[in-house]
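Trainee: Contents of final-v6.cif (mmCIF, C-alpha atoms) are below:
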```cif
data_model
#
loop_
_atom_site.label_atom_id
_atom_site.label_comp_id
_atom_site.auth_asym_id
_atom_site.auth_seq_id
_atom_site.Cartn_x
_atom_site.Cartn_y
_atom_site.Cartn_z
CA MET N 1 0.00 0.00 0.00
CA ILE N 2 2.71 2.41 1.03
CA TYR N 3 4.54 1.66 -2.23
CA LEU N 4 1.45 2.60 -4.21
CA GLN N 5 1.09 5.86 -2.28
CA LEU N 6 4.77 6.71 -2.85
CA LEU N 7 4.45 5.88 -6.54
CA LEU N 8 1.31 7.98 -7.03
CA SER N 9 2.67 10.96 -5.08
CA PHE N 10 5.92 11.11 -6.99
CA LEU N 11 4.13 10.50 -10.30
CA GLN N 12 2.23 13.73 -9.63
CA ILE N 13 5.45 15.54 -8.70
CA GLY N 14 7.06 14.33 -11.94
CA LEU N 15 4.02 15.15 -14.04
CA PHE N 16 3.16 18.63 -12.79
CA SER N 17 6.52 20.30 -12.16
CA PHE N 18 7.47 22.49 -15.10
CA GLY N 19 10.54 24.65 -15.39
CA GLY N 20 13.23 22.76 -13.49
CA GLY N 21 15.19 23.68 -10.39
CA TYR N 22 12.94 25.01 -7.67
CA ALA N 23 9.77 24.44 -9.69
CA ALA N 24 9.31 21.00 -8.15
CA MET N 25 9.60 22.36 -4.60
CA PRO N 26 5.96 23.48 -4.08
CA LEU N 27 4.66 20.15 -5.41
CA ILE N 28 7.03 18.15 -3.21
CA GLN N 29 5.98 20.18 -0.18
CA GLU N 30 2.31 19.62 -0.95
CA GLN N 31 2.66 15.86 -1.42
CA ILE N 32 5.09 14.89 1.33
CA VAL N 33 4.34 17.53 4.00
CA ASP N 34 0.75 18.75 3.53
CA ILE N 35 -1.04 15.66 2.19
CA HIS N 36 0.85 12.63 3.53
CA GLY N 37 2.83 14.06 6.43
CA TRP N 38 5.85 11.91 5.55
CA LEU N 39 8.14 14.76 6.62
CA ASP N 40 7.44 17.77 8.82
CA MET N 41 8.26 21.25 7.56
CA GLU N 42 11.63 21.32 9.32
CA GLN N 43 12.73 18.00 7.82
CA PHE N 44 11.48 19.21 4.45
CA THR N 45 13.60 22.33 4.75
CA ASP N 46 16.60 20.19 5.69
CA LEU N 47 15.91 18.11 2.59
CA ILE N 48 15.90 21.22 0.38
CA THR N 49 19.10 22.39 2.06
CA ILE N 50 20.78 19.01 1.54
CA SER N 51 19.58 18.96 -2.09
CA GLN N 52 21.24 22.30 -2.66
CA MET N 53 24.57 21.01 -1.43
CA THR N 54 24.60 17.69 -3.29
CA PRO N 55 24.44 17.01 -7.02
CA GLY N 56 21.17 15.87 -8.56
CA PRO N 57 17.69 17.30 -9.11
CA ILE N 58 15.58 18.22 -6.05
CA ALA N 59 12.79 15.85 -7.14
CA ILE N 60 15.10 12.81 -7.36
CA ASN N 61 16.80 13.71 -4.08
CA SER N 62 13.40 13.98 -2.37
CA ALA N 63 12.18 10.71 -3.85
CA THR N 64 15.26 8.92 -2.53
CA PHE N 65 15.17 10.61 0.88
CA VAL N 66 11.45 10.15 1.53
CA GLY N 67 11.32 6.67 -0.03
CA ILE N 68 14.14 5.35 2.17
CA ARG N 69 12.69 6.83 5.36
CA ILE N 70 9.18 5.51 4.67
CA ALA N 71 9.87 2.12 3.08
CA GLY N 72 13.61 1.45 2.79
CA ILE N 73 15.63 1.09 -0.39
CA SER N 74 12.73 -0.43 -2.33
CA GLY N 75 10.63 2.58 -1.32
CA ALA N 76 13.34 4.88 -2.67
CA LEU N 77 13.40 2.96 -5.95
CA VAL N 78 9.61 3.07 -6.30
CA ALA N 79 9.46 6.80 -5.53
CA SER N 80 12.30 7.61 -7.96
CA ALA N 81 10.69 5.52 -10.69
CA GLY N 82 7.40 7.36 -10.15
CA CYS N 83 9.18 10.66 -10.41
CA ILE N 84 10.89 9.79 -13.71
CA LEU N 85 8.11 7.91 -15.47
CA PRO N 86 6.10 10.95 -16.69
CA SER N 87 9.30 12.54 -18.04
CA CYS N 88 10.18 9.39 -19.97
CA VAL N 89 6.82 9.17 -21.69
CA ILE N 90 6.39 12.89 -22.40
CA VAL N 91 9.97 13.66 -23.48
CA VAL N 92 10.08 10.73 -25.90
CA LEU N 93 6.64 11.65 -27.30
CA LEU N 94 7.63 15.29 -27.73
CA ALA N 95 10.93 14.32 -29.35
CA LYS N 96 9.05 12.18 -31.87
CA LEU N 97 6.43 14.88 -32.56
CA TYR N 98 9.09 17.52 -32.83
CA LEU N 99 11.16 15.56 -35.35
CA LYS N 100 7.97 15.10 -37.37
CA TYR N 101 6.40 18.58 -37.30
CA GLU N 102 9.03 20.95 -35.88
CA ASN N 103 6.25 23.12 -34.47
CA MET N 104 5.72 23.74 -30.81
CA ASP N 105 3.53 26.87 -30.81
CA VAL N 106 0.87 25.63 -28.41
CA LEU N 107 3.50 24.17 -26.12
CA GLN N 108 5.42 27.45 -26.05
CA SER N 109 2.25 29.34 -25.22
CA VAL N 110 1.35 26.92 -22.43
CA LEU N 111 4.85 27.36 -21.02
CA ASN N 112 4.59 31.14 -21.25
CA SER N 113 1.46 30.99 -19.13
CA LEU N 114 2.96 28.53 -16.66
CA ARG N 115 6.16 30.44 -16.01
CA PRO N 116 4.65 33.30 -13.94
CA ALA N 117 2.59 30.78 -11.94
CA VAL N 118 5.72 28.75 -11.21
CA VAL N 119 7.44 31.89 -9.87
CA ALA N 120 4.44 32.51 -7.59
CA MET N 121 4.37 28.93 -6.32
CA ILE N 122 8.10 28.95 -5.58
CA ALA N 123 7.53 32.17 -3.63
CA SER N 124 4.79 30.50 -1.56
CA ALA N 125 7.01 27.50 -0.79
CA GLY N 126 9.88 29.85 0.12
CA ILE N 127 7.60 31.68 2.54
CA SER N 128 6.66 28.45 4.34
CA ILE N 129 10.36 27.61 4.66
CA LEU N 130 11.10 31.03 6.17
CA VAL N 131 8.10 30.84 8.53
CA THR N 132 9.41 27.48 9.78
CA ALA N 133 12.92 28.88 10.22
CA PHE N 134 11.76 31.98 12.11
CA TRP N 135 8.87 30.58 14.17
CA GLY N 136 9.50 26.82 14.32
CA ASN N 137 7.18 24.02 13.34
CA SER N 138 4.11 25.29 15.22
CA ALA N 139 2.98 27.31 12.17
CA VAL N 140 1.65 30.00 14.52
CA ILE N 141 3.27 33.35 13.90
CA ASP N 142 3.95 34.75 17.35
CA LEU N 143 6.25 37.78 17.20
CA THR N 144 7.44 37.25 20.79
CA LYS N 145 8.73 33.79 19.83
CA THR N 146 10.63 34.95 16.76
CA ASN N 147 14.08 33.45 16.31
CA TRP N 148 15.75 36.83 15.73
CA SER N 149 19.22 35.43 15.11
CA LEU N 150 17.83 33.54 12.09
CA VAL N 151 16.06 36.67 10.82
CA VAL N 152 19.39 38.53 10.93
CA ILE N 153 21.21 35.63 9.26
CA PHE N 154 18.54 35.60 6.54
CA LEU N 155 19.01 39.33 5.86
CA VAL N 156 22.81 39.06 5.85
CA SER N 157 22.58 36.09 3.43
CA LEU N 158 20.33 38.15 1.15
CA VAL N 159 22.93 40.92 1.01
CA PHE N 160 25.68 38.40 0.16
CA LEU N 161 23.55 36.97 -2.64
CA GLN N 162 22.04 40.11 -4.13
CA LYS N 163 24.71 42.75 -3.64
CA LEU N 164 27.90 40.71 -3.57
CA LYS N 165 26.69 37.95 -5.95
CA TRP N 166 28.25 35.19 -3.86
CA ASN N 167 27.78 31.55 -4.76
CA PRO N 168 24.53 30.25 -3.15
CA VAL N 169 26.13 27.13 -1.63
CA LEU N 170 28.83 29.26 -0.03
CA VAL N 171 26.19 31.63 1.38
CA MET N 172 24.23 28.70 2.84
CA VAL N 173 27.32 27.25 4.53
CA LEU N 174 28.13 30.69 5.88
CA ALA N 175 24.57 31.00 7.25
CA GLY N 176 25.05 27.69 9.06
CA VAL N 177 28.39 28.76 10.51
CA MET N 178 26.89 32.09 11.69
CA LYS N 179 24.09 30.27 13.53
CA LEU N 180 26.60 27.89 15.11
CA ALA N 181 28.73 30.84 16.26
CA VAL N 182 25.65 32.54 17.79
CA ALA N 183 24.70 29.31 19.59
CA VAL N 184 28.23 28.87 20.99
CA ILE N 185 28.37 32.50 22.19
CA GLN N 186 24.89 32.25 23.78
CA GLY N 187 25.90 28.96 25.40
CA GLN N 188 28.82 30.63 27.11
CA GLY N 189 26.85 33.72 28.14
CA MET K 1 30.85 4.01 -37.99
CA ARG K 2 30.97 3.77 -34.25
CA SER K 3 29.35 0.67 -32.79
CA LYS K 4 26.17 1.00 -30.74
CA LYS K 5 27.84 -0.66 -27.77
CA GLU K 6 30.61 1.93 -27.77
CA VAL K 7 28.06 4.76 -27.94
CA LEU K 8 26.10 3.31 -25.01
CA ILE K 9 29.21 2.87 -22.86
CA LYS K 10 30.42 6.39 -23.59
CA LEU K 11 26.91 7.76 -23.03
CA PHE K 12 26.67 5.95 -19.68
CA ILE K 13 30.06 7.11 -18.42
CA SER K 14 29.65 10.73 -19.50
CA THR K 15 26.11 11.11 -18.07
CA LEU K 16 27.21 9.44 -14.83
CA TYR K 17 30.15 11.80 -14.59
CA LEU K 18 28.06 14.90 -15.39
CA SER K 19 25.39 13.94 -12.89
CA ALA K 20 27.89 13.27 -10.09
CA PHE K 21 29.73 16.55 -10.40
CA THR K 22 27.05 19.02 -11.41
CA PHE K 23 25.94 21.27 -8.60
CA GLY K 24 23.39 23.95 -9.24
CA GLY K 25 20.51 22.41 -11.08
CA GLY K 26 19.26 21.36 -14.49
CA TYR K 27 20.32 24.33 -16.59
CA VAL K 28 23.95 23.75 -15.67
CA ILE K 29 23.88 20.07 -16.59
CA VAL K 30 22.22 20.81 -19.94
CA THR K 31 25.04 23.23 -20.82
CA LEU K 32 27.64 20.65 -19.86
CA MET K 33 25.87 18.03 -21.97
CA LYS K 34 26.13 20.35 -24.96
CA LYS K 35 29.88 20.72 -24.36
CA LYS K 36 30.32 16.97 -24.13
CA PHE K 37 28.10 15.68 -26.95
CA VAL K 38 28.33 18.59 -29.42
CA ASP K 39 31.78 20.10 -28.94
CA GLN K 40 33.75 17.07 -27.78
CA TYR K 41 32.19 13.96 -29.35
CA HIS K 42 30.46 15.67 -32.34
CA TRP K 43 27.56 13.24 -31.97
CA ILE K 44 24.88 15.94 -32.19
CA GLU K 45 24.80 19.15 -34.21
CA GLU K 46 24.64 22.46 -32.38
CA ASN K 47 21.20 23.50 -33.71
CA GLU K 48 19.71 20.12 -33.04
CA MET K 49 21.06 20.23 -29.49
CA LEU K 50 19.31 23.56 -28.91
CA ASP K 51 16.02 21.97 -29.98
CA LEU K 52 16.61 18.97 -27.75
CA VAL K 53 17.29 21.31 -24.82
CA ALA K 54 14.04 23.14 -25.60
CA ILE K 55 12.18 19.83 -25.40
CA ALA K 56 13.90 18.97 -22.09
CA GLN K 57 12.90 22.35 -20.68
CA SER K 58 9.31 22.27 -21.92
CA SER K 59 8.56 18.84 -20.50
CA PRO K 60 7.51 18.35 -16.89
CA GLY K 61 10.02 16.88 -14.45
CA ALA K 62 13.66 17.50 -13.63
CA ILE K 63 15.55 19.15 -16.49
CA ALA K 64 18.67 17.05 -15.88
CA VAL K 65 16.63 13.85 -16.25
CA ASN K 66 14.75 15.17 -19.29
CA GLY K 67 18.03 16.24 -20.92
CA ALA K 68 19.49 12.78 -20.36
CA ILE K 69 16.38 11.12 -21.84
CA VAL K 70 16.29 13.29 -24.94
CA VAL K 71 20.04 12.99 -25.66
CA GLY K 72 20.04 9.24 -24.97
CA TYR K 73 16.98 8.77 -27.20
CA LYS K 74 18.49 10.78 -30.01
CA LEU K 75 21.75 8.78 -29.89
CA ALA K 76 20.50 5.24 -29.41
CA GLY K 77 16.69 5.10 -29.22
CA MET K 78 14.91 3.74 -26.14
CA VAL K 79 17.99 1.76 -25.01
CA GLY K 80 19.96 4.99 -25.06
CA ALA K 81 17.28 6.84 -23.09
CA VAL K 82 17.19 4.14 -20.39
CA THR K 83 21.01 4.02 -20.22
CA ALA K 84 21.19 7.79 -19.77
CA ILE K 85 18.44 7.84 -17.11
CA ILE K 86 20.12 5.13 -15.02
CA ALA K 87 23.46 6.94 -15.20
CA THR K 88 21.85 10.23 -14.21
CA ILE K 89 20.00 8.74 -11.23
CA ILE K 90 22.82 6.68 -9.68
CA PRO K 91 24.91 9.52 -8.15
CA PRO K 92 22.10 11.44 -6.35
CA PHE K 93 20.48 8.13 -5.33
CA LEU K 94 23.64 6.88 -3.62
CA ILE K 95 24.51 10.19 -1.98
CA ILE K 96 21.02 10.85 -0.59
CA SER K 97 20.64 7.22 0.56
CA LEU K 98 23.79 7.60 2.64
CA ILE K 99 22.70 10.94 4.05
CA SER K 100 19.21 9.72 4.92
CA VAL K 101 20.67 6.76 6.86
CA PHE K 102 22.74 9.14 8.98
CA TYR K 103 20.16 11.95 9.07
CA ASN K 104 18.76 11.24 12.56
CA ALA K 105 22.18 10.94 14.17
CA PHE K 106 23.15 14.00 12.20
CA ARG K 107 20.17 16.06 13.34
CA ASN K 108 20.65 15.12 17.01
CA SER K 109 24.22 16.40 17.12
CA PHE K 110 24.26 19.94 18.54
CA LEU K 111 26.85 21.14 16.05
CA ILE K 112 25.05 19.83 12.96
CA SER K 113 21.58 20.86 14.12
CA GLN K 114 22.75 24.44 14.67
CA LEU K 115 24.45 24.44 11.27
CA LEU K 116 21.29 23.07 9.60
CA GLU K 117 19.13 25.63 11.39
CA GLY K 118 21.30 28.48 10.14
CA MET K 119 21.30 26.99 6.68
CA GLN K 120 17.47 27.00 6.71
CA ALA K 121 17.66 30.79 6.87
CA GLY K 122 20.36 30.66 4.16
CA VAL K 123 18.27 28.52 1.81
CA GLY K 124 15.33 30.87 2.47
CA ALA K 125 17.53 33.72 1.29
CA VAL K 126 18.62 31.78 -1.80
CA ILE K 127 14.97 31.11 -2.70
CA ALA K 128 14.01 34.73 -2.02
CA SER K 129 16.77 35.92 -4.33
CA VAL K 130 15.80 33.44 -7.08
CA VAL K 131 12.14 34.47 -6.79
CA TYR K 132 13.06 38.15 -6.89
CA GLU K 133 14.98 37.74 -10.14
CA MET K 134 12.31 35.55 -11.77
CA ALA K 135 9.47 37.86 -10.70
CA ALA K 136 11.38 40.91 -11.93
CA GLY K 137 11.70 39.12 -15.29
CA VAL K 138 7.92 38.61 -15.45
CA VAL K 139 7.14 42.20 -14.43
CA CYS K 140 9.65 43.62 -16.94
CA GLY K 141 7.95 41.61 -19.69
CA LYS K 142 5.03 44.04 -19.23
CA ASN K 143 2.52 41.41 -20.28
CA PRO K 144 -0.60 42.07 -18.20
CA VAL K 145 -1.85 38.47 -18.49
CA SER K 146 1.45 37.10 -17.17
CA ILE K 147 1.53 39.54 -14.25
CA LEU K 148 -2.10 38.71 -13.45
CA ILE K 149 -1.32 34.97 -13.54
CA MET K 150 1.61 35.51 -11.17
CA ALA K 151 -0.44 37.52 -8.68
CA GLY K 152 -3.37 35.12 -8.89
CA ALA K 153 -1.23 32.02 -8.45
CA PHE K 154 0.54 33.58 -5.47
CA ALA K 155 -2.72 34.46 -3.73
CA ALA K 156 -4.17 31.02 -4.47
CA THR K 157 -1.22 29.04 -3.09
CA CYS K 158 -0.06 31.31 -0.28
CA PHE K 159 -3.36 32.59 1.21
CA PHE K 160 -6.01 30.13 0.11
CA GLY K 161 -3.98 26.91 0.17
CA VAL K 162 -5.11 25.83 -3.30
CA ASN K 163 -3.50 22.57 -4.45
CA VAL K 164 -0.60 23.47 -6.77
CA VAL K 165 -1.65 20.80 -9.28
CA TYR K 166 -4.85 22.78 -9.96
CA VAL K 167 -2.85 25.96 -10.40
CA VAL K 168 -0.61 24.24 -12.98
CA LEU K 169 -3.62 22.81 -14.83
CA ALA K 170 -5.49 26.15 -14.83
CA CYS K 171 -2.46 28.04 -16.17
CA GLY K 172 -1.82 25.41 -18.85
CA LEU K 173 -5.43 25.86 -19.93
CA ILE K 174 -5.01 29.64 -20.04
CA GLY K 175 -2.01 29.05 -22.32
CA VAL K 176 -4.07 26.95 -24.73
CA VAL K 177 -6.87 29.55 -24.78
CA ARG K 178 -4.34 32.31 -25.44
CA THR K 179 -2.97 30.47 -28.48
CA ILE K 180 -6.46 29.92 -29.86
CA ILE K 181 -7.36 33.59 -29.43
CA GLU K 182 -4.10 34.72 -31.04
CA ARG K 183 -4.65 32.43 -34.03
CA LYS K 184 -8.20 33.73 -34.54
CA GLY K 185 -6.83 37.28 -34.42
CA GLU K 186 -4.28 36.44 -37.10
CA LYS K 187 -6.94 35.07 -39.44
CA LYS K 188 -9.04 38.25 -39.42
#
```
Take the structure in this file and express it as structure tokens.

Mentor:
Amino acid sequence: MIYLQLLLSFLQIGLFSFGGGYAAMPLIQEQIVDIHGWLDMEQFTDLITISQMTPGPIAINSATFVGIRIAGISGALVASAGCILPSCVIVVLLAKLYLKYENMDVLQSVLNSLRPAVVAMIASAGISILVTAFWGNSAVIDLTKTNWSLVVIFLVSLVFLQKLKWNPVLVMVLAGVMKLAVAVIQGQG
Amino acid sequence: MRSKKEVLIKLFISTLYLSAFTFGGGYVIVTLMKKKFVDQYHWIEENEMLDLVAIAQSSPGAIAVNGAIVVGYKLAGMVGAVTAIIATIIPPFLIISLISVFYNAFRNSFLISQLLEGMQAGVGAVIASVVYEMAAGVVCGKNPVSILIMAGAFAATCFFGVNVVYVVLACGLIGVVRTIIERKGEKK
């Protein structure tokens, strides 16, 4: 049963994520956090963080990570297969059609309409990640319980990325080191 | 002529290598594939590669996987596609399997948990910066329909908790309708 659920969930992730990179993130969050509760928001954020630091697409990384935790190696294989299957069918079909007609007008137009929506959905997923980082897993925004050190680290990271154009992985590692330094200093104080 | 077996072996090794050492997402791996298969092996022509990349980017799913499928298929049919997929999947599968086994021990260590917590804020910043650039691109396009879609999709997913699958389907439909309207306009 669990294999079927994993397969169906990751089929949807594979089928409905357009645009690569972060585009799969909102779908993964919906399937594995909101609908099935296989990971909580904090674990999901860790997963995204780990995905950023290791090679491989976020969707495949998530399939492996969730699959193994829920149903071992076979779970990981089932989830990964589910994630890839729609791509296989659609890419091969499109390649055939393309070689035949060399016309992708409708497809281009569909993509043009999807792109702004994908941006919006990534923004929503990013907001849930930040809410979890700043206020913990309770999902209740209580300003008195804000983790201010993480808010500051977030703002500093933004400056490094936007103004200084640093490499994202480097900025993430730096953010981790800053938090560790704060924790050590607070521990001594 | 090169033998099919030789093509498959070279395809397997080069996709495995690209997948293991490519950090930073699908667009990067697609560029590296072009370097390998167009510039180095001369197996695919430059223009054709651009079209194949377009197909990889227009299809749903991870771009790295789609790129591997389309290149593998072009070079050696279905066998080539399967070979390329397996090679692309192996590196992330192994790495994440290892990490997930150690994740709990990892998370319970004070040092690592503090690092991960800080990195959550860092990844939030990375996403914010990516979103800012992408949204600026949409706004600069000055297409009112696109801007409306972006605002609508944001409200739907962030405030009303609408399932993202429905958002994708609705926007795909809008795209089809837009093409039909444009074509009718051209006829008149």

Trainee: What does the structure give for the distance between CA of Leu7 (chain N) and CA of Ile86 (chain K), in Å to one decimal?

Mentor: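 Here the two named atoms are 17.8 Å from each other.
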
Trainee: Could you tell me which of K:Cys140, K:Val79, K:Val71, K:Ala62 comes closest to chain N if we count only C-alpha atoms?

Mentor: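 Checking each of K:Cys140, K:Val79, K:Val71, K:Ala62 against chain N, counting only C-alpha atoms, the winner is K:Ala62.
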
Trainee: Identify the residues within 9 Å of coordinate (17.2, 5.2, -9.4) (same frame as the file), considering only C-alpha atoms, and give the answer as a ChimeraX atom specification.

Mentor: /N:60,64,76-81,84 /K:85-94

Trainee: Translate the PyMOL selection byres ((chain K and resi 128) around 12) into a concrete residue list for this structure, as a PyMOL selection string.

Mentor: (chain N and resi 22+119-120+122-130+154-155+157-159+161-162+168) or (chain K and resi 121-127+129-136)

Trainee: Go through N:Pro26, N:Gly14, N:Gly67, N:Gly19 one by one, measure the shortest atom-to-atom distance of each to Ala54 (chain K) using all atoms listed in the file, and give the residue with the smallest value.

Mentor: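 That would be N:Gly19, the residue with the smallest distance to Ala54 (chain K).
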
Trainee: Excluding same-chain residues fewer than 2 positions from Ser97 (chain K), what lies within 8 Å of it counting only C-alpha atoms, as JSON, numbers by chain?

Mentor: {"N": [64, 65, 68, 73], "K": [93, 94, 95, 99, 100, 101]}

Trainee: How many Å separate CA of Thr83 (chain K) from CA of Pro86 (chain N)?

Mentor: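 Answer for the CA of Thr83 (chain K) to CA of Pro86 (chain N) separation: 16.8 Å.
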
Trainee: Go through K:Lys184, K:Lys74, K:Lys10, K:Lys142 one by one, measure the shortest atom-to-atom distance of each to chain N using only C-alpha atoms, and give the residue with the smallest value.

Mentor: K:Lys74

Trainee: For each of K:Ala68, K:Val38, K:Leu169, K:Cys158, take the minimum atom-to-atom distance to chain N, counting only C-alpha atoms, then give the residue where this is smallest.

Mentor: K:Cys158

Trainee: Would you kindly translate the PyMOL selection byres ((chain K and resi 48) around 12) into the concrete residues it picks from this file, as a list in words?

Mentor: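 Applying the expression gives Ala95, Tyr98, Leu99 and Glu102 of chain N; Lys34, Phe37, Val38, His42, Trp43, Ile44, Glu45, Glu46, Asn47, Met49, Leu50, Asp51, Leu52, Val53, Ala54, Ile55, Val70, Val71, Lys74 and Leu75 of chain K.
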
Trainee: If I take CA of Asn112 (chain N) and CA of Ser146 (chain K), how far is one from the other in Å, to one decimal?

Mentor: 7.9 Å

Trainee: Would you list the contacts of Ala64 (chain K) as an NGL selection string, taking every protein, DNA or RNA residue within 9 Å and counting all atoms listed in the file, but skipping same-chain residues closer than 3 positions in sequence?

Mentor: (:N and (20 or 56-57)) or (:K and (19 or 25-30 or 56 or 61 or 67-69 or 88))

Trainee: Restricting the calculation to only C-alpha atoms, which member of K:Leu115, K:Val167, K:Val82, K:Leu148 is positioned closest to chain N?

Mentor: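 Of the candidates, the smallest distance to chain N is held by K:Leu115.
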
Trainee: What would region 6-22 of chain K look like with N, CA and C atoms restored, written as a PDB file, in the coordinates of the input?

Mentor:
```
ATOM      1  N   GLU K   6      29.648   0.897 -28.152  1.00  0.00           N
ATOM      2  CA  GLU K   6      30.610   1.930 -27.770  1.00  0.00           C
ATOM      3  C   GLU K   6      29.872   3.225 -27.411  1.00  0.00           C
ATOM      4  N   VAL K   7      28.855   3.561 -28.223  1.00  0.00           N
ATOM      5  CA  VAL K   7      28.060   4.760 -27.940  1.00  0.00           C
ATOM      6  C   VAL K   7      27.410   4.649 -26.565  1.00  0.00           C
ATOM      7  N   LEU K   8      26.804   3.488 -26.295  1.00  0.00           N
ATOM      8  CA  LEU K   8      26.100   3.310 -25.010  1.00  0.00           C
ATOM      9  C   LEU K   8      27.062   3.426 -23.837  1.00  0.00           C
ATOM     10  N   ILE K   9      28.242   2.813 -23.970  1.00  0.00           N
ATOM     11  CA  ILE K   9      29.210   2.870 -22.860  1.00  0.00           C
ATOM     12  C   ILE K   9      29.667   4.303 -22.624  1.00  0.00           C
ATOM     13  N   LYS K  10      29.990   5.007 -23.727  1.00  0.00           N
ATOM     14  CA  LYS K  10      30.420   6.390 -23.590  1.00  0.00           C
ATOM     15  C   LYS K  10      29.309   7.275 -23.027  1.00  0.00           C
ATOM     16  N   LEU K  11      28.074   7.015 -23.509  1.00  0.00           N
ATOM     17  CA  LEU K  11      26.910   7.760 -23.030  1.00  0.00           C
ATOM     18  C   LEU K  11      26.730   7.544 -21.526  1.00  0.00           C
ATOM     19  N   PHE K  12      26.844   6.285 -21.092  1.00  0.00           N
ATOM     20  CA  PHE K  12      26.670   5.950 -19.680  1.00  0.00           C
ATOM     21  C   PHE K  12      27.717   6.664 -18.829  1.00  0.00           C
ATOM     22  N   ILE K  13      28.978   6.535 -19.228  1.00  0.00           N
ATOM     23  CA  ILE K  13      30.060   7.110 -18.420  1.00  0.00           C
ATOM     24  C   ILE K  13      29.956   8.629 -18.384  1.00  0.00           C
ATOM     25  N   SER K  14      29.671   9.258 -19.544  1.00  0.00           N
ATOM     26  CA  SER K  14      29.650  10.730 -19.500  1.00  0.00           C
ATOM     27  C   SER K  14      28.437  11.262 -18.744  1.00  0.00           C
ATOM     28  N   THR K  15      27.260  10.613 -18.849  1.00  0.00           N
ATOM     29  CA  THR K  15      26.110  11.110 -18.070  1.00  0.00           C
ATOM     30  C   THR K  15      26.325  10.872 -16.586  1.00  0.00           C
ATOM     31  N   LEU K  16      26.916   9.733 -16.244  1.00  0.00           N
ATOM     32  CA  LEU K  16      27.210   9.440 -14.830  1.00  0.00           C
ATOM     33  C   LEU K  16      28.134  10.514 -14.264  1.00  0.00           C
ATOM     34  N   TYR K  17      29.166  10.816 -15.018  1.00  0.00           N
ATOM     35  CA  TYR K  17      30.150  11.800 -14.590  1.00  0.00           C
ATOM     36  C   TYR K  17      29.497  13.182 -14.440  1.00  0.00           C
ATOM     37  N   LEU K  18      28.706  13.582 -15.455  1.00  0.00           N
ATOM     38  CA  LEU K  18      28.060  14.900 -15.390  1.00  0.00           C
ATOM     39  C   LEU K  18      27.118  14.988 -14.193  1.00  0.00           C
ATOM     40  N   SER K  19      26.361  13.919 -13.973  1.00  0.00           N
ATOM     41  CA  SER K  19      25.390  13.940 -12.890  1.00  0.00           C
ATOM     42  C   SER K  19      26.075  13.994 -11.523  1.00  0.00           C
ATOM     43  N   ALA K  20      27.217  13.325 -11.390  1.00  0.00           N
ATOM     44  CA  ALA K  20      27.890  13.270 -10.090  1.00  0.00           C
ATOM     45  C   ALA K  20      28.552  14.595  -9.725  1.00  0.00           C
ATOM     46  N   PHE K  21      28.952  15.362 -10.721  1.00  0.00           N
ATOM     47  CA  PHE K  21      29.730  16.550 -10.400  1.00  0.00           C
ATOM     48  C   PHE K  21      29.039  17.856 -10.752  1.00  0.00           C
ATOM     49  N   THR K  22      27.736  17.796 -11.071  1.00  0.00           N
ATOM     50  CA  THR K  22      27.050  19.020 -11.410  1.00  0.00           C
ATOM     51  C   THR K  22      26.244  19.527 -10.228  1.00  0.00           C
TER      52      THR K  22
END
```
